[in-house]
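Coordinates as given in run-v3.cif (mmCIF, C-alpha atoms and all ligand atoms):
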data_target
loop_
_atom_site.label_atom_id
_atom_site.label_comp_id
_atom_site.auth_asym_id
_atom_site.auth_seq_id
_atom_site.Cartn_x
_atom_site.Cartn_y
_atom_site.Cartn_z
CA MET A 1 -26.60 7.97 19.46
CA ALA A 2 -25.42 9.55 16.24
CA ARG A 3 -24.99 13.29 15.79
CA PRO A 4 -26.90 14.64 12.74
CA SER A 5 -23.65 15.84 11.15
CA SER A 6 -22.11 12.37 11.39
CA LEU A 7 -24.76 11.09 8.97
CA PHE A 8 -23.55 13.37 6.17
CA PRO A 9 -20.31 13.31 4.17
CA MET A 10 -17.44 15.11 5.90
CA SER A 11 -17.26 17.89 3.32
CA THR A 12 -20.95 18.82 3.65
CA GLY A 13 -21.61 22.56 3.98
CA ARG A 14 -23.89 25.37 2.79
CA ASP A 15 -23.39 27.97 0.09
CA GLU A 16 -24.08 31.70 0.41
CA ASN A 17 -27.80 31.04 -0.23
CA GLY A 18 -27.96 28.43 2.50
CA ARG A 19 -28.19 25.54 0.02
CA LEU A 20 -26.55 22.20 0.69
CA THR A 21 -23.04 21.69 -0.67
CA ILE A 22 -20.69 18.72 -0.79
CA ALA A 23 -17.00 19.44 -1.37
CA GLY A 24 -18.10 22.99 -2.15
CA HIS A 25 -20.48 21.96 -4.96
CA SER A 26 -24.15 22.87 -4.74
CA VAL A 27 -26.07 19.59 -4.61
CA ALA A 28 -29.10 21.22 -6.29
CA ASN A 29 -26.91 22.46 -9.17
CA LEU A 30 -25.36 19.03 -9.65
CA ALA A 31 -28.85 17.55 -9.73
CA GLU A 32 -29.95 20.09 -12.35
CA GLN A 33 -26.87 19.45 -14.49
CA HIS A 34 -26.75 15.65 -14.25
CA GLY A 35 -30.38 14.70 -13.64
CA THR A 36 -31.78 12.54 -10.85
CA PRO A 37 -31.75 10.09 -9.20
CA LEU A 38 -28.13 10.98 -8.71
CA TYR A 39 -25.58 9.52 -6.30
CA LEU A 40 -22.63 11.55 -5.06
CA TYR A 41 -19.50 10.15 -3.40
CA ASP A 42 -17.42 12.52 -1.32
CA ALA A 43 -13.66 12.04 -1.80
CA THR A 44 -12.82 13.43 1.65
CA THR A 45 -15.00 10.97 3.52
CA LEU A 46 -13.70 7.94 1.64
CA HIS A 47 -10.08 9.03 2.15
CA GLU A 48 -10.59 9.80 5.84
CA HIS A 49 -12.37 6.54 6.54
CA ALA A 50 -9.77 4.45 4.72
CA SER A 51 -6.93 6.23 6.55
CA ARG A 52 -8.67 5.83 9.89
CA LEU A 53 -8.83 2.06 9.55
CA LYS A 54 -5.30 1.74 8.21
CA ASN A 55 -3.91 3.91 11.00
CA LEU A 56 -5.84 2.06 13.68
CA LEU A 57 -4.42 -1.23 12.44
CA GLU A 58 -0.91 0.16 12.32
CA GLN A 59 -1.22 1.53 15.86
CA ASN A 60 -2.78 -1.58 17.38
CA TYR A 61 -1.38 -4.51 15.49
CA PRO A 62 2.39 -5.09 15.28
CA GLY A 63 2.14 -7.70 12.49
CA LEU A 64 1.22 -7.19 8.85
CA SER A 65 -2.32 -6.06 8.19
CA GLU A 66 -4.60 -5.17 5.34
CA VAL A 67 -7.86 -3.28 4.83
CA SER A 68 -9.66 -5.15 2.09
CA TYR A 69 -12.74 -3.33 0.83
CA ALA A 70 -15.88 -5.50 0.46
CA ALA A 71 -16.73 -4.64 -3.13
CA LYS A 72 -20.34 -5.73 -2.73
CA ALA A 73 -21.05 -2.49 -0.83
CA TYR A 74 -20.57 -0.51 -4.07
CA PHE A 75 -18.17 -1.04 -6.94
CA SER A 76 -17.62 0.45 -10.37
CA LEU A 77 -14.42 0.91 -12.33
CA GLY A 78 -14.06 4.56 -11.38
CA PHE A 79 -14.74 3.90 -7.69
CA ALA A 80 -12.38 0.90 -7.70
CA ARG A 81 -9.60 3.11 -9.06
CA LYS A 82 -10.05 5.50 -6.13
CA LEU A 83 -9.82 2.58 -3.70
CA ALA A 84 -6.75 1.12 -5.40
CA ALA A 85 -5.04 4.50 -5.11
CA LEU A 86 -5.71 4.41 -1.35
CA GLY A 87 -3.71 1.17 -1.08
CA LEU A 88 -6.65 -1.01 -0.07
CA GLY A 89 -7.20 -4.66 -0.97
CA VAL A 90 -10.45 -6.08 -2.38
CA ASP A 91 -12.84 -8.73 -1.14
CA ALA A 92 -14.58 -9.82 -4.36
CA VAL A 93 -17.49 -12.23 -4.75
CA SER A 94 -17.91 -12.56 -8.49
CA LEU A 95 -16.18 -12.59 -11.83
CA GLY A 96 -17.43 -9.04 -12.40
CA GLU A 97 -15.89 -7.75 -9.16
CA MET A 98 -12.60 -9.56 -9.86
CA ARG A 99 -12.40 -8.14 -13.38
CA VAL A 100 -13.20 -4.60 -12.24
CA ALA A 101 -10.59 -4.89 -9.48
CA GLN A 102 -7.89 -5.99 -11.95
CA LYS A 103 -8.77 -3.36 -14.48
CA ALA A 104 -8.69 -0.72 -11.74
CA GLY A 105 -5.10 -1.65 -10.94
CA PHE A 106 -5.35 -3.92 -7.88
CA ARG A 107 -2.50 -6.43 -7.98
CA PRO A 108 -3.72 -10.06 -7.85
CA GLY A 109 -2.10 -10.37 -4.43
CA LYS A 110 -4.51 -7.71 -3.10
CA ILE A 111 -7.67 -9.57 -4.19
CA HIS A 112 -9.39 -12.46 -2.45
CA LEU A 113 -12.51 -14.25 -3.63
CA HIS A 114 -15.57 -15.11 -1.54
CA GLY A 115 -18.88 -16.76 -2.37
CA ASN A 116 -20.97 -19.70 -1.19
CA ASN A 117 -21.49 -21.01 -4.74
CA LYS A 118 -18.61 -19.86 -6.90
CA SER A 119 -18.88 -20.92 -10.52
CA GLU A 120 -16.16 -22.90 -12.28
CA SER A 121 -15.31 -19.87 -14.37
CA GLU A 122 -14.87 -17.74 -11.24
CA LEU A 123 -12.61 -20.36 -9.66
CA VAL A 124 -10.57 -20.79 -12.85
CA GLU A 125 -10.09 -17.04 -13.19
CA ALA A 126 -8.95 -16.83 -9.57
CA ILE A 127 -6.51 -19.74 -10.00
CA GLU A 128 -5.04 -18.39 -13.23
CA GLN A 129 -4.61 -14.91 -11.90
CA ALA A 130 -2.98 -16.21 -8.73
CA ILE A 131 -5.01 -13.98 -6.44
CA GLN A 132 -4.19 -13.64 -2.73
CA ALA A 133 -6.60 -16.46 -1.75
CA ILE A 134 -9.78 -18.20 -2.71
CA VAL A 135 -11.92 -18.34 0.41
CA VAL A 136 -13.38 -21.83 0.30
CA ASP A 137 -16.93 -21.96 1.59
CA ASN A 138 -17.78 -25.67 1.64
CA LEU A 139 -16.47 -29.22 1.16
CA ASP A 140 -18.00 -29.51 -2.28
CA GLU A 141 -16.10 -26.45 -3.44
CA LEU A 142 -12.89 -27.74 -1.88
CA GLU A 143 -13.12 -30.86 -4.01
CA LEU A 144 -13.90 -28.94 -7.21
CA LEU A 145 -11.09 -26.49 -6.57
CA GLU A 146 -8.57 -29.28 -5.99
CA GLU A 147 -9.54 -30.73 -9.37
CA LEU A 148 -9.39 -27.38 -11.19
CA ALA A 149 -6.04 -26.43 -9.66
CA GLY A 150 -4.65 -29.91 -10.43
CA GLU A 151 -5.74 -29.76 -14.08
CA ARG A 152 -3.81 -26.53 -14.37
CA GLN A 153 -0.93 -27.69 -12.16
CA ARG A 154 -1.23 -24.49 -10.17
CA ARG A 155 -0.64 -24.59 -6.43
CA THR A 156 -3.40 -22.29 -5.21
CA PRO A 157 -3.56 -20.39 -1.91
CA ILE A 158 -6.82 -20.79 -0.03
CA TRP A 159 -8.46 -19.65 3.18
CA LEU A 160 -11.34 -21.52 4.75
CA ARG A 161 -14.46 -19.62 5.72
CA ILE A 162 -15.38 -20.95 9.14
CA THR A 163 -18.82 -20.65 10.75
CA PRO A 164 -18.15 -20.75 14.48
CA ALA A 165 -21.77 -20.40 15.76
CA VAL A 166 -21.25 -16.97 17.28
CA ASP A 167 -24.48 -14.99 17.54
CA VAL A 168 -24.55 -11.26 16.91
CA GLN A 169 -27.24 -8.74 17.75
CA THR A 170 -28.34 -7.59 14.34
CA HIS A 171 -31.13 -7.99 11.79
CA PRO A 172 -31.62 -11.72 10.95
CA SER A 173 -30.84 -10.99 7.26
CA TRP A 174 -27.38 -9.81 8.28
CA GLN A 175 -26.40 -12.71 10.55
CA THR A 176 -23.93 -14.99 8.83
CA GLY A 177 -22.00 -16.68 11.62
CA GLY A 178 -24.82 -18.66 13.27
CA PRO A 179 -26.00 -22.28 12.90
CA HIS A 180 -28.52 -21.46 10.12
CA SER A 181 -26.08 -19.56 7.97
CA LYS A 182 -25.78 -20.60 4.34
CA PHE A 183 -22.15 -19.46 4.47
CA GLY A 184 -19.05 -21.29 5.51
CA LEU A 185 -17.84 -24.49 7.10
CA ALA A 186 -19.51 -25.06 10.44
CA VAL A 187 -17.39 -25.93 13.45
CA GLN A 188 -20.35 -27.77 14.99
CA GLY A 189 -20.93 -30.91 12.97
CA GLY A 190 -17.33 -31.22 11.81
CA ASP A 191 -17.20 -29.64 8.33
CA ALA A 192 -14.57 -27.15 9.45
CA ALA A 193 -12.31 -29.88 10.85
CA GLU A 194 -12.75 -32.07 7.78
CA ALA A 195 -11.97 -29.18 5.42
CA ILE A 196 -8.78 -28.34 7.32
CA GLU A 197 -7.61 -31.95 7.20
CA ARG A 198 -8.39 -32.32 3.50
CA ALA A 199 -6.71 -29.01 2.67
CA GLN A 200 -3.62 -29.97 4.67
CA SER A 201 -3.19 -33.15 2.68
CA SER A 202 -4.00 -31.53 -0.65
CA ARG A 203 -1.39 -31.50 -3.40
CA TRP A 204 -2.67 -28.40 -5.17
CA LEU A 205 -4.24 -26.29 -2.47
CA HIS A 206 -2.15 -24.33 0.01
CA LEU A 207 -4.09 -23.49 3.16
CA THR A 208 -2.74 -20.11 4.27
CA GLY A 209 -5.56 -18.65 6.31
CA LEU A 210 -8.82 -18.91 8.22
CA HIS A 211 -11.68 -16.47 7.86
CA VAL A 212 -14.93 -15.67 9.57
CA HIS A 213 -17.63 -13.10 8.79
CA LEU A 214 -20.32 -12.78 11.42
CA GLY A 215 -22.72 -10.37 9.77
CA SER A 216 -23.36 -6.68 9.29
CA GLN A 217 -24.27 -3.72 11.46
CA ILE A 218 -22.28 -5.00 14.47
CA PHE A 219 -21.35 -2.41 17.10
CA THR A 220 -19.35 -4.37 19.66
CA ALA A 221 -16.04 -6.17 19.36
CA GLU A 222 -16.88 -9.13 21.60
CA PRO A 223 -18.40 -11.41 18.92
CA TYR A 224 -15.31 -10.85 16.75
CA ARG A 225 -13.07 -11.75 19.67
CA GLN A 226 -15.00 -14.97 20.31
CA ALA A 227 -14.85 -15.91 16.63
CA LEU A 228 -11.10 -15.25 16.37
CA ARG A 229 -10.46 -17.34 19.50
CA SER A 230 -12.34 -20.15 17.89
CA LEU A 231 -10.16 -19.87 14.73
CA ALA A 232 -6.99 -19.98 16.84
CA ASP A 233 -8.30 -23.07 18.69
CA LEU A 234 -8.96 -24.81 15.38
CA ALA A 235 -5.47 -23.94 14.14
CA GLU A 236 -3.95 -25.36 17.32
CA LYS A 237 -6.01 -28.53 17.20
CA HIS A 238 -4.94 -29.20 13.61
CA ARG A 239 -1.34 -27.94 13.96
CA LEU A 240 -2.01 -25.39 11.29
CA THR A 241 0.37 -22.50 10.67
CA LEU A 242 -1.71 -19.46 9.82
CA LYS A 243 -0.12 -16.87 7.56
CA GLU A 244 -3.37 -14.93 7.41
CA ILE A 245 -6.43 -14.50 9.57
CA SER A 246 -9.56 -12.50 8.88
CA PRO A 247 -12.49 -11.52 11.11
CA GLY A 248 -14.39 -10.30 8.00
CA GLY A 249 -16.26 -7.02 7.97
CA GLY A 250 -19.54 -5.89 9.44
CA TRP A 251 -18.72 -2.87 11.61
CA GLY A 252 -21.91 -0.82 11.87
CA VAL A 253 -22.91 2.68 10.89
CA PRO A 254 -25.85 4.87 11.95
CA TYR A 255 -28.56 5.74 9.44
CA THR A 256 -30.60 8.07 11.68
CA VAL A 257 -29.91 10.04 14.85
CA ASP A 258 -31.62 7.30 16.86
CA ASP A 259 -29.00 4.75 15.83
CA ALA A 260 -25.83 3.79 17.66
CA ASP A 261 -22.63 5.25 16.27
CA ALA A 262 -19.59 3.28 17.34
CA ASP A 263 -16.11 4.35 16.41
CA PRO A 264 -14.18 1.53 14.71
CA GLN A 265 -11.42 1.97 17.29
CA ALA A 266 -13.22 -0.56 19.52
CA TRP A 267 -13.37 -3.02 16.63
CA ILE A 268 -9.73 -2.71 15.62
CA GLU A 269 -8.46 -2.75 19.21
CA GLY A 270 -10.64 -5.79 19.88
CA VAL A 271 -9.55 -7.87 16.89
CA SER A 272 -5.89 -6.84 17.11
CA GLY A 273 -5.77 -7.58 20.84
CA VAL A 274 -7.27 -11.04 20.61
CA VAL A 275 -5.06 -12.14 17.69
CA ARG A 276 -2.01 -10.99 19.61
CA GLU A 277 -3.14 -12.74 22.82
CA GLU A 278 -3.99 -16.02 21.10
CA PHE A 279 -0.85 -16.15 18.95
CA GLU A 280 1.65 -14.83 21.49
CA ARG A 281 0.53 -17.19 24.24
CA ARG A 282 1.12 -20.12 21.89
CA GLY A 283 4.47 -18.74 20.75
CA TRP A 284 3.25 -18.40 17.15
CA ARG A 285 4.32 -15.76 14.64
CA LEU A 286 1.65 -13.11 14.12
CA PRO A 287 -0.36 -13.66 10.93
CA ARG A 288 -1.39 -10.95 8.48
CA LEU A 289 -4.65 -9.54 9.87
CA VAL A 290 -7.10 -8.82 7.04
CA ILE A 291 -10.29 -6.87 7.73
CA GLU A 292 -13.07 -6.60 5.14
CA PRO A 293 -15.15 -3.49 5.78
CA GLY A 294 -17.74 -2.48 3.19
CA ARG A 295 -20.42 -0.39 4.84
CA TRP A 296 -18.14 1.49 7.25
CA LEU A 297 -15.92 2.62 4.38
CA ALA A 298 -18.55 3.56 1.81
CA ALA A 299 -21.90 4.36 3.44
CA ARG A 300 -21.19 7.83 4.79
CA ALA A 301 -19.29 8.89 1.68
CA GLY A 302 -22.44 8.58 -0.46
CA VAL A 303 -25.69 10.54 -0.71
CA ALA A 304 -28.69 9.88 -2.95
CA VAL A 305 -30.33 12.90 -4.58
CA TYR A 306 -33.89 12.78 -5.93
CA THR A 307 -36.26 15.27 -7.49
CA ILE A 308 -39.47 15.83 -5.58
CA GLY A 309 -42.59 15.19 -7.68
CA ALA A 310 -46.17 14.59 -6.59
CA CYS A 311 -47.11 15.65 -3.07
CA LYS A 312 -50.49 14.51 -1.78
CA LYS A 313 -52.51 13.18 1.15
CA ALA A 314 -53.18 9.46 1.48
CA PRO A 315 -56.73 8.36 2.42
CA ASP A 316 -55.58 7.99 6.05
CA GLY A 317 -54.58 11.66 6.09
CA SER A 318 -50.81 11.13 6.02
CA SER A 319 -48.75 13.37 3.72
CA LEU A 320 -46.95 11.69 0.86
CA VAL A 321 -43.97 13.18 -0.92
CA ALA A 322 -42.99 11.18 -4.01
CA VAL A 323 -39.49 11.20 -5.51
CA ASP A 324 -38.18 10.01 -8.86
CA GLY A 325 -36.29 6.99 -7.50
CA GLY A 326 -37.08 4.46 -4.80
CA MET A 327 -36.76 0.73 -4.37
CA ALA A 328 -35.13 0.29 -7.79
CA ASP A 329 -32.04 2.28 -6.71
CA ASN A 330 -32.40 1.60 -2.98
CA PRO A 331 -34.08 -1.69 -2.06
CA ARG A 332 -32.93 -1.58 1.58
CA PRO A 333 -36.14 -0.19 3.15
CA ALA A 334 -38.24 -2.76 1.28
CA LEU A 335 -35.80 -5.61 2.00
CA TYR A 336 -35.23 -5.08 5.68
CA GLN A 337 -37.13 -2.03 6.86
CA ALA A 338 -33.98 0.09 6.75
CA ARG A 339 -34.54 3.58 8.16
CA TYR A 340 -33.16 6.82 6.76
CA THR A 341 -33.24 10.54 7.24
CA CYS A 342 -33.29 13.33 4.63
CA VAL A 343 -32.91 17.05 3.92
CA VAL A 344 -34.04 19.29 1.09
CA ALA A 345 -31.00 20.49 -0.88
CA GLU A 346 -32.44 23.97 -1.46
CA LYS A 347 -33.29 24.56 2.21
CA PRO A 348 -31.42 22.27 4.60
CA GLY A 349 -31.74 24.77 7.44
CA MET A 350 -35.43 25.63 7.07
CA ALA A 351 -37.85 24.92 9.92
CA MET A 352 -39.77 21.68 9.67
CA SER A 353 -43.46 22.18 9.07
CA GLN A 354 -44.88 18.80 8.16
CA ARG A 355 -44.59 15.10 8.80
CA ALA A 356 -44.43 13.06 5.64
CA ARG A 357 -43.78 9.70 4.10
CA ILE A 358 -41.18 9.71 1.35
CA VAL A 359 -42.29 7.29 -1.31
CA GLY A 360 -40.66 6.11 -4.53
CA LYS A 361 -42.16 5.82 -7.98
CA ALA A 362 -42.18 2.03 -8.36
CA CYS A 363 -45.46 0.17 -8.77
CA GLU A 364 -45.17 -1.50 -5.41
CA ALA A 365 -46.95 -0.49 -2.21
CA GLY A 366 -43.80 -1.17 -0.19
CA ASP A 367 -41.77 1.33 -2.20
CA GLU A 368 -41.32 3.74 0.67
CA LEU A 369 -37.89 5.26 1.31
CA ILE A 370 -38.71 6.89 4.65
CA ALA A 371 -41.81 5.88 6.59
CA ASP A 372 -42.05 8.99 8.75
CA THR A 373 -39.97 12.15 8.65
CA TRP A 374 -40.19 15.87 9.28
CA LEU A 375 -39.87 18.17 6.26
CA PRO A 376 -40.10 21.89 5.57
CA ASP A 377 -42.71 23.02 2.98
CA VAL A 378 -41.57 21.47 -0.27
CA GLU A 379 -42.39 21.98 -3.92
CA ARG A 380 -42.24 19.85 -7.02
CA GLY A 381 -38.79 20.25 -8.58
CA GLU A 382 -36.85 20.65 -5.32
CA HIS A 383 -34.29 18.03 -4.41
CA LEU A 384 -34.40 15.55 -1.58
CA VAL A 385 -31.07 14.29 -0.26
CA ILE A 386 -30.75 11.00 1.63
CA PRO A 387 -27.42 10.56 3.42
CA MET A 388 -25.66 7.31 4.35
CA ALA A 389 -26.42 6.12 0.84
CA GLY A 390 -23.00 4.86 -0.23
CA ALA A 391 -23.30 1.15 0.62
CA TYR A 392 -25.68 -1.62 -0.46
CA GLN A 393 -27.98 0.67 -2.40
CA LEU A 394 -26.71 0.96 -5.96
CA SER A 395 -24.96 -2.38 -5.69
CA MET A 396 -28.37 -3.96 -5.09
CA ALA A 397 -30.25 -1.73 -7.55
CA SER A 398 -32.60 -3.30 -10.08
CA ASN A 399 -34.34 -2.39 -13.30
CA TYR A 400 -37.81 -2.85 -11.80
CA ASN A 401 -40.41 -1.19 -14.03
CA LEU A 402 -37.59 -0.95 -16.59
CA SER A 403 -36.19 1.92 -14.62
CA THR A 404 -32.57 2.70 -15.38
CA ARG A 405 -29.73 2.85 -12.91
CA PRO A 406 -28.69 6.34 -11.75
CA GLU A 407 -25.58 8.34 -12.54
CA VAL A 408 -22.85 8.41 -9.89
CA LEU A 409 -20.45 11.30 -9.36
CA TRP A 410 -17.23 11.59 -7.43
CA VAL A 411 -16.96 15.02 -5.84
CA GLU A 412 -13.90 16.71 -4.54
CA LYS A 413 -12.91 20.35 -4.24
CA ASP A 414 -12.89 21.95 -7.70
CA ARG A 415 -13.52 18.61 -9.39
CA VAL A 416 -16.50 16.43 -10.32
CA GLU A 417 -16.02 13.11 -12.10
CA VAL A 418 -18.53 10.60 -13.46
CA LEU A 419 -18.00 7.22 -11.76
CA GLN A 420 -20.96 5.51 -13.33
CA ARG A 421 -22.98 6.86 -16.24
CA ARG A 422 -26.76 6.88 -16.20
CA GLU A 423 -28.18 3.78 -17.83
CA HIS A 424 -30.44 4.37 -20.83
CA PRO A 425 -33.22 2.01 -21.91
CA GLU A 426 -31.65 1.50 -25.35
CA GLU A 427 -28.40 0.22 -23.76
CA SER A 428 -30.10 -2.24 -21.46
CA GLY A 429 -30.31 -6.00 -21.81
CA TRP A 430 -34.05 -5.93 -22.40
CA TRP A 431 -33.68 -3.79 -25.55
CA VAL A 432 -33.20 -6.56 -28.10
CA GLU A 433 -34.49 -5.82 -31.57
CA SER A 434 -34.68 -9.16 -33.31
C1 LIG A 501 -17.51 -12.15 3.64
C2 LIG A 501 -17.91 -10.74 3.84
N1 LIG A 501 -16.96 -9.87 4.20
C3 LIG A 501 -17.25 -8.56 4.39
C4 LIG A 501 -18.54 -8.09 4.20
C5 LIG A 501 -18.78 -6.62 4.41
O1 LIG A 501 -19.68 -6.37 5.43
P1 LIG A 501 -19.96 -4.86 5.85
O2 LIG A 501 -20.30 -4.13 4.61
O3 LIG A 501 -21.10 -4.95 6.78
O4 LIG A 501 -18.70 -4.34 6.47
C6 LIG A 501 -19.56 -8.96 3.84
C7 LIG A 501 -20.92 -8.48 3.66
O5 LIG A 501 -21.86 -9.15 3.41
C8 LIG A 501 -19.23 -10.33 3.64
O6 LIG A 501 -20.15 -11.20 3.27
#
Take the structure in the file and write it out as structure tokens.
Amino acid sequence: MARPSSLFPMSTGRDENGRLTIAGHSVANLAEQHGTPLYLYDATTLHEHASRLKNLLEQNYPGLSEVSYAAKAYFSLGFARKLAALGLGVDAVSLGEMRVAQKAGFRPGKIHLHGNNKSESELVEAIEQAIQAIVVDNLDELELLEELAGERQRRTPIWLRITPAVDVQTHPSWQTGGPHSKFGLAVQGGDAAEAIERAQSSRWLHLTGLHVHLGSQIFTAEPYRQALRSLADLAEKHRLTLKEISPGGGWGVPYTVDDADADPQAWIEGVSGVVREEFERRGWRLPRLVIEPGRWLAARAGVAVYTIGACKKAPDGSSLVAVDGGMADNPRPALYQARYTCVVAEKPGMAMSQRARIVGKACEAGDELIADTWLPDVERGEHLVIPMAGAYQLSMASNYNLSTRPEVLWVEKDRVEVLQRREHPEESGWWVES
């Protein structure tokens, strides 16, 4: 089970008035100065988490390795620059993510491209930039890519995304390695074998690696080990020399104190160990081991800050506390009943006096950020802080009700930087004056 402190950024503290601080900055003051909803990313947490994974790989895996951040968790130019400076790679899934990665300073060799339905323009951009690898998802794409690379006479490195039918214990929306997955080339049924054979005889595609991603919020290494064994078996069967291998991302994080909190040591030891075993017993050279964490790197670094507005009783007697954001900036509770915890920035240490539902301001009954939580007495104008908000919130945000996306700040000691500016209605796509 998670400790309460492990849900908050590492630099979380209190000021002399007992108010919540991150990297020494009062969260309530930042909210007053920048407005809400406001997202804060803590530099210390991101640095520590990136170093932890890199160090674990270095300690456990004697071959080359890479931590490639899954940009879908949260990406913006400012944030990408921080990640590039940490020496990470990028797992991109769109033209937008590839362009941001380049602009932020990632070398093409540090970027690989995923997606189950990549557009021609995404594939062409990836070919022309000579990125690390295009991760081919299906036979149809393999054919298109061969054509596009041939037209440009560019020999293009690819990995194949394999679906090995390994089940993981997680929410059905996060399972991507099973037989119903829309992603990848299934081993069962023969698509994986056919793709390997076609890629091996291709003139323009250079098959350098195999990849698997089983899903998200996984807390044990065993499914990864099974999946990697299945990739090694495929490579052996097809006499394929693997320069790269990737078990994807998906290592889990806690969102409340009731959730499991597993150190990534088990993950990295597990994947490193099985790649070594499988390759060494066959007398093969160790491939570059590429992991693709999104949530584990970014979730804890981020908090969402809202202003408390209307407080009232629902007809069933439950207390409602409404905030000025909700499903537009964080669709996770509405999408898959994600659970969260919260504190009040002005009084994080005050005794809890009421049970409440934290609801958003969208015109949707399901716009509820926290279904049931304890709170101290609160007043309109105080600030509610939701931790573990750094992944899959803003990146899935919408403009529902023509709401505008929040501002995002990077906070470190003595320094606050805008990573993403607040959207304004006049700048949005719907504001067309014809
Ligand atoms: C191919 C791939 N790699 C990595 C990730 C990152 O997963 P997580 O954020 O759970 O680590 C995802 C997430 O959907 C993914 O689809």
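Take the candidates A:Asp414, A:Glu58, A:Asp137, A:Glu364 and check each one against ligand LIG 501 (chain A) using only C-alpha atoms and all ligand atoms; the shortest distance goes to A:Asp137.
Taking CA of Asp233 in chain A and CA of Phe279 in chain A as the two end points, the separation is 10.2 Å.
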(message) I'd like to know which of A:Glu147, A:Glu244, A:Glu48, A:Glu292 is closest to ligand LIG 501 (chain A), using all atoms listed in the file.
(response)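 The shortest atom-to-atom distance to ligand LIG 501 (chain A) comes from A:Glu292.
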Practice prompt. Return as a list of chain:residue names the residues of protein, DNA or RNA that approach ligand LIG 501 (chain A) to within 8 Å, with all atoms listed in the file taken into account.
Written response: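 Counting all atoms listed in the file, the residues within 8 Å of ligand LIG 501 (chain A) come out as A:Tyr69, A:Ala70, A:Lys72, A:Ala73, A:Asp91, A:His114, A:Gly115, A:Trp174, A:Thr176, A:Val212, A:His213, A:Gly215, A:Ser216, A:Gln217, A:Ile218, A:Gly248, A:Gly249, A:Gly250, A:Trp251, A:Gly252, A:Ile291, A:Glu292, A:Pro293, A:Gly294, A:Arg295, A:Trp296, A:Leu297, A:Ala391, A:Tyr392.
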Protein/DNA/RNA residues near (-19.2, 26.1, -5.2), cut 9 Å, all atoms listed in the file, as a PyMOL selection string
chain A and resi 15+21-26+413-414
